[in-house]
file work_9.tsv (TSV, C-alpha atoms and all ligand atoms)
chain	number	residue	atom	x	y	z
A	156	MET	CA	34.28	140.35	74.21
A	157	TRP	CA	36.89	137.80	73.04
A	158	ILE	CA	36.38	138.81	69.40
A	159	ALA	CA	37.14	142.49	70.01
A	160	ALA	CA	40.17	141.63	72.14
A	161	ASN	CA	41.61	139.51	69.33
A	162	ARG	CA	41.44	142.56	67.03
A	163	ASP	CA	43.10	144.97	69.48
A	164	ALA	CA	45.69	146.95	67.52
A	165	ARG	CA	47.53	147.75	70.78
A	166	THR	CA	48.38	144.04	71.03
A	167	PHE	CA	48.32	142.78	67.44
A	168	ASP	CA	50.03	144.48	64.50
A	169	GLN	CA	47.54	144.89	61.63
A	170	PRO	CA	44.94	142.84	63.52
A	171	ASN	CA	42.57	142.41	60.57
A	172	ALA	CA	45.23	141.06	58.22
A	173	ILE	CA	45.73	137.32	57.75
A	174	ASN	CA	49.23	136.51	58.97
A	175	THR	CA	50.03	132.83	59.43
A	176	GLU	CA	53.35	133.78	61.07
A	177	ARG	CA	51.67	135.87	63.75
A	178	ASN	CA	52.56	135.12	67.38
A	179	THR	CA	49.15	134.21	68.78
A	180	SER	CA	50.25	133.62	72.36
A	181	ALA	CA	48.33	136.73	73.47
A	182	GLY	CA	45.23	135.62	71.56
A	183	LEU	CA	41.98	134.95	73.38
A	184	VAL	CA	40.31	132.62	70.91
A	185	TRP	CA	40.15	129.94	73.64
A	186	GLY	CA	39.17	132.35	76.39
A	187	GLN	CA	41.39	132.94	79.38
A	188	GLY	CA	41.86	132.12	83.07
A	189	VAL	CA	38.97	130.28	84.72
A	190	HIS	CA	37.06	130.53	81.43
A	191	LEU	CA	39.76	128.82	79.34
A	192	CYS	CA	38.18	126.45	76.82
A	193	GLN	CA	38.31	122.86	78.10
A	194	GLY	CA	38.04	121.54	74.55
A	195	ALA	CA	40.92	123.52	73.03
A	196	PRO	CA	43.32	120.55	72.64
A	197	LEU	CA	40.59	118.48	70.96
A	198	ALA	CA	39.56	121.37	68.71
A	199	ARG	CA	43.20	121.98	67.67
A	200	LEU	CA	43.65	118.27	66.88
A	201	GLU	CA	40.44	118.17	64.84
A	202	MET	CA	41.46	121.25	62.84
A	203	ARG	CA	44.97	119.91	62.17
A	204	VAL	CA	43.70	116.51	60.98
A	205	ALA	CA	40.94	118.06	58.86
A	206	LEU	CA	43.33	120.50	57.18
A	207	GLU	CA	46.00	117.82	56.62
A	208	GLU	CA	43.45	115.51	54.98
A	209	LEU	CA	41.97	118.28	52.86
A	210	LEU	CA	45.26	119.75	51.69
A	211	SER	CA	46.82	116.32	50.97
A	212	THR	CA	44.39	115.94	48.06
A	213	THR	CA	44.24	119.60	47.03
A	214	LYS	CA	46.38	121.32	44.42
A	215	ARG	CA	44.56	124.62	44.46
A	216	PHE	CA	41.40	126.25	45.74
A	217	GLU	CA	39.40	129.29	44.73
A	218	ILE	CA	36.28	131.16	45.71
A	219	ALA	CA	33.24	129.56	44.07
A	220	GLY	CA	30.43	131.71	42.76
A	221	ASP	CA	30.01	135.46	42.51
A	222	ASP	CA	28.18	136.20	45.75
A	223	VAL	CA	29.87	138.72	48.01
A	224	PRO	CA	30.45	136.93	51.33
A	225	CYS	CA	28.47	138.41	54.20
A	226	ARG	CA	29.59	138.59	57.79
A	227	THR	CA	28.01	136.38	60.41
A	228	VAL	CA	26.37	137.84	63.50
A	229	TYR	CA	27.49	138.00	67.13
A	230	PRO	CA	28.44	135.87	69.05
A	231	SER	CA	29.96	134.19	66.01
A	232	ASN	CA	32.71	135.92	64.05
A	233	GLY	CA	33.96	135.93	60.49
A	234	LEU	CA	31.94	135.09	57.41
A	235	ALA	CA	28.53	133.41	57.43
A	236	ALA	CA	29.67	131.31	54.45
A	237	LEU	CA	32.51	131.27	51.96
A	238	PRO	CA	31.92	128.67	49.24
A	239	LEU	CA	35.24	127.35	47.90
A	240	ARG	CA	36.08	125.07	44.99
A	241	PHE	CA	38.94	122.63	45.61
A	242	SER	CA	40.78	120.88	42.79
B	1	LIG	C1	37.26	126.03	67.41
B	1	LIG	C2	36.64	125.49	68.45
B	1	LIG	C3	36.43	126.15	69.79
B	1	LIG	C4	36.57	127.45	70.16
B	1	LIG	C5	37.00	128.66	69.30
B	1	LIG	C6	36.23	127.54	71.56
B	1	LIG	C7	36.25	128.71	72.32
B	1	LIG	C8	35.87	128.81	73.63
B	1	LIG	C9	35.84	130.03	74.42
B	1	LIG	C10	36.21	131.43	73.91
B	1	LIG	C11	35.42	129.71	75.65
B	1	LIG	C12	35.22	130.69	76.84
B	1	LIG	C13	33.76	131.16	76.86
B	1	LIG	C14	33.53	132.19	77.95
B	1	LIG	O1	33.55	131.80	79.13
B	1	LIG	O2	33.30	133.36	77.65
B	1	LIG	C15	35.18	128.29	75.68
B	1	LIG	C16	34.74	127.60	76.78
B	1	LIG	C17	34.52	126.24	76.81
B	1	LIG	N1	34.71	125.34	75.78
B	1	LIG	FE1	35.35	125.80	73.93
B	1	LIG	N2	35.90	126.29	72.02
B	1	LIG	C18	36.01	125.41	70.96
B	1	LIG	C19	35.80	124.03	71.00
B	1	LIG	C20	35.44	123.32	72.11
B	1	LIG	C21	35.29	121.87	72.15
B	1	LIG	C22	35.54	120.94	70.97
B	1	LIG	C23	34.90	121.56	73.42
B	1	LIG	C24	34.57	120.22	74.04
B	1	LIG	C25	34.80	119.05	73.44
B	1	LIG	C26	34.81	122.80	74.18
B	1	LIG	C27	34.46	122.90	75.49
B	1	LIG	C28	34.40	124.08	76.22
B	1	LIG	C29	33.99	124.15	77.62
B	1	LIG	C30	33.55	123.00	78.51
B	1	LIG	C31	34.06	125.51	77.99
B	1	LIG	C32	33.72	126.13	79.36
B	1	LIG	C33	35.01	126.29	80.15
B	1	LIG	C34	34.75	126.94	81.50
B	1	LIG	O3	34.32	128.11	81.55
B	1	LIG	O4	35.00	126.28	82.49
B	1	LIG	N3	35.15	123.84	73.34
B	1	LIG	N4	35.47	127.76	74.44

call {"tool": "encode", "arguments": {"input": "work_9.tsv", "output": "structure tokens", "more": "lines below"}}
Ligand code: HEM
result
Amino acid sequence: MWIAANRDARTFDQPNAINTERNTSAGLVWGQGVHLCQGAPLARLEMRVALEELLSTTKRFEIAGDDVPCRTVYPSNGLAALPLRFS
């Protein structure tokens, strides 16, 4: 249960809070040991390039619409959708 492990309060202070300064070295988002994700370097590169490109043309962003975001279902994690408006 990678998702539960990444929210373990014995390892992560305030595990449900967004903290961009958090030390994630104990995180299991890429799995661990013999099950370590083979695509992690590619996925990190894709995320960095996508965020750099998006933020280079973005001054601000906000939640679009009034719908309350709903959670996705296992084995995914997080929100099913979160419409944002970039400007
Ligand atoms: C944000 C993106 C990604 C996340 C969060 C992620 C996460 C994971 C996790 C947690 C596992 C371990 C699954 C388990 O055994 O329980 C895994 C395995 C794996 N991932 Fe990823 N992954 C991502 C992207 C990718 C990409 C882009 C590729 C290939 C291009 C990839 C290829 C693999 C492969 C081949 C395995 C099996 C490794 C093994 O057990 O030998 N993943 N990934």

call {"tool": "residues_around", "arguments": {"input": "work_9.tsv", "residues": "Leu183 (chain A)", "least_positions_apart": "5", "cutoff": "12 Å", "atoms": "all atoms listed in the file", "output": "list in words"}}
result
Met156, Trp157, Ile158, Ala159, Ala160, Asn161, Arg162, Asp163, Thr166, Phe167, Gly188, His190, Leu191, Cys192 and Ala195 of chain A

call {"tool": "residues_near_point", "arguments": {"input": "work_9.tsv", "point": "(32.9, 123.3, 49.0)", "cutoff": "10 Å", "atoms": "only C-alpha atoms", "output": "list of chain:residue names"}}
result
A:Phe216, A:Glu217, A:Ile218, A:Ala219, A:Leu237, A:Pro238, A:Leu239, A:Arg240, A:Phe241

call {"tool": "atom_distance", "arguments": {"input": "work_9.tsv", "atom1": "CA of Asn174 (chain A)", "atom2": "atom C6 of ligand LIG 1 (chain B)"}}
result
20.2 Å

call {"tool": "residues_around", "arguments": {"input": "work_9.tsv", "residues": "Ala235 (chain A)", "least_positions_apart": "5", "cutoff": "8 Å", "atoms": "only C-alpha atoms", "output": "PyMOL selection string"}}
result
chain A and resi 224-228

call {"tool": "write_last_selection", "arguments": {"input": "work_9.tsv", "atoms": "C-alpha atoms", "output": "PDB file, keeping the file's coordinate frame"}}
result
ATOM      1  CA  PRO A 224      30.450 136.930  51.330  1.00  0.00           C
ATOM      2  CA  CYS A 225      28.470 138.410  54.200  1.00  0.00           C
ATOM      3  CA  ARG A 226      29.590 138.590  57.790  1.00  0.00           C
ATOM      4  CA  THR A 227      28.010 136.380  60.410  1.00  0.00           C
ATOM      5  CA  VAL A 228      26.370 137.840  63.500  1.00  0.00           C
TER       6      VAL A 228
END

call {"tool": "closest_residue", "arguments": {"input": "work_9.tsv", "among": "A:Thr175, A:Gln169, A:Ala236, A:Ser242", "to": "Ser211 (chain A)", "atoms": "all atoms listed in the file"}}
result
A:Ser242

call {"tool": "axis_aligned_box", "arguments": {"input": "work_9.tsv", "around": "region 217-222 of chain A", "padding_each_side": "3 Å", "output": "JSON"}}
result
{"center_x": 33.8, "center_y": 132.7, "center_z": 44.1, "size_x": 17.2, "size_y": 12.9, "size_z": 9.2}

call {"tool": "atom_distance", "arguments": {"input": "work_9.tsv", "atom1": "atom C14 of ligand LIG 1 (chain B)", "atom2": "CA of Arg203 (chain A)"}}
result
23.0 Å

call {"tool": "atom_distance", "arguments": {"input": "work_9.tsv", "atom1": "atom C21 of ligand LIG 1 (chain B)", "atom2": "CA of Pro196 (chain A)"}}
result
8.2 Å

call {"tool": "build_atoms", "arguments": {"input": "work_9.tsv", "residues": "region 162-187 of chain A", "atoms": "N, CA and C atoms", "output": "tab-separated table (two decimals), keeping the file's coordinate frame"}}
result
chain	number	residue	atom	x	y	z
A	162	ARG	N	41.20	141.57	68.09
A	162	ARG	CA	41.44	142.56	67.03
A	162	ARG	C	42.03	143.85	67.61
A	163	ASP	N	42.57	143.78	68.81
A	163	ASP	CA	43.10	144.97	69.48
A	163	ASP	C	44.44	145.36	68.88
A	164	ALA	N	44.46	146.50	68.20
A	164	ALA	CA	45.69	146.95	67.52
A	164	ALA	C	46.81	147.29	68.51
A	165	ARG	N	46.48	147.49	69.79
A	165	ARG	CA	47.53	147.75	70.78
A	165	ARG	C	48.31	146.47	71.07
A	166	THR	N	47.72	145.33	70.77
A	166	THR	CA	48.38	144.04	71.03
A	166	THR	C	48.83	143.37	69.75
A	167	PHE	N	48.02	143.49	68.68
A	167	PHE	CA	48.32	142.78	67.44
A	167	PHE	C	48.55	143.76	66.31
A	168	ASP	N	49.71	143.65	65.65
A	168	ASP	CA	50.03	144.48	64.50
A	168	ASP	C	49.08	144.11	63.35
A	169	GLN	N	48.48	145.11	62.73
A	169	GLN	CA	47.54	144.89	61.63
A	169	GLN	C	46.57	143.75	61.98
A	170	PRO	N	45.75	143.94	62.98
A	170	PRO	CA	44.94	142.84	63.52
A	170	PRO	C	43.94	142.23	62.55
A	171	ASN	N	43.55	142.97	61.51
A	171	ASN	CA	42.57	142.41	60.57
A	171	ASN	C	43.22	141.72	59.39
A	172	ALA	N	44.54	141.72	59.32
A	172	ALA	CA	45.23	141.06	58.22
A	172	ALA	C	45.48	139.59	58.56
A	173	ILE	N	45.39	138.73	57.54
A	173	ILE	CA	45.73	137.32	57.75
A	173	ILE	C	47.25	137.20	57.76
A	174	ASN	N	47.79	136.66	58.82
A	174	ASN	CA	49.23	136.51	58.97
A	174	ASN	C	49.50	135.18	59.65
A	175	THR	N	49.85	134.17	58.87
A	175	THR	CA	50.03	132.83	59.43
A	175	THR	C	51.28	132.74	60.30
A	176	GLU	N	52.14	133.76	60.24
A	176	GLU	CA	53.35	133.78	61.07
A	176	GLU	C	53.12	134.53	62.38
A	177	ARG	N	51.93	135.04	62.58
A	177	ARG	CA	51.67	135.87	63.75
A	177	ARG	C	51.86	135.07	65.05
A	178	ASN	N	52.47	135.72	66.06
A	178	ASN	CA	52.56	135.12	67.38
A	178	ASN	C	51.20	135.27	68.05
A	179	THR	N	50.52	134.15	68.26
A	179	THR	CA	49.15	134.21	68.78
A	179	THR	C	49.09	133.93	70.28
A	180	SER	N	50.25	133.98	70.95
A	180	SER	CA	50.25	133.62	72.36
A	180	SER	C	49.39	134.56	73.21
A	181	ALA	N	49.18	135.79	72.73
A	181	ALA	CA	48.33	136.73	73.47
A	181	ALA	C	46.87	136.62	73.03
A	182	GLY	N	46.59	135.73	72.08
A	182	GLY	CA	45.23	135.62	71.56
A	182	GLY	C	44.26	135.04	72.58
A	183	LEU	N	42.99	135.39	72.43
A	183	LEU	CA	41.98	134.95	73.38
A	183	LEU	C	40.92	134.07	72.72
A	184	VAL	N	41.31	133.42	71.61
A	184	VAL	CA	40.31	132.62	70.91
A	184	VAL	C	39.79	131.49	71.79
A	185	TRP	N	40.59	131.02	72.74
A	185	TRP	CA	40.15	129.94	73.64
A	185	TRP	C	39.72	130.47	74.99
A	186	GLY	N	39.50	131.77	75.10
A	186	GLY	CA	39.17	132.35	76.39
A	186	GLY	C	40.43	132.52	77.22
A	187	GLN	N	40.24	132.66	78.51
A	187	GLN	CA	41.39	132.94	79.38
A	187	GLN	C	41.03	132.61	80.82
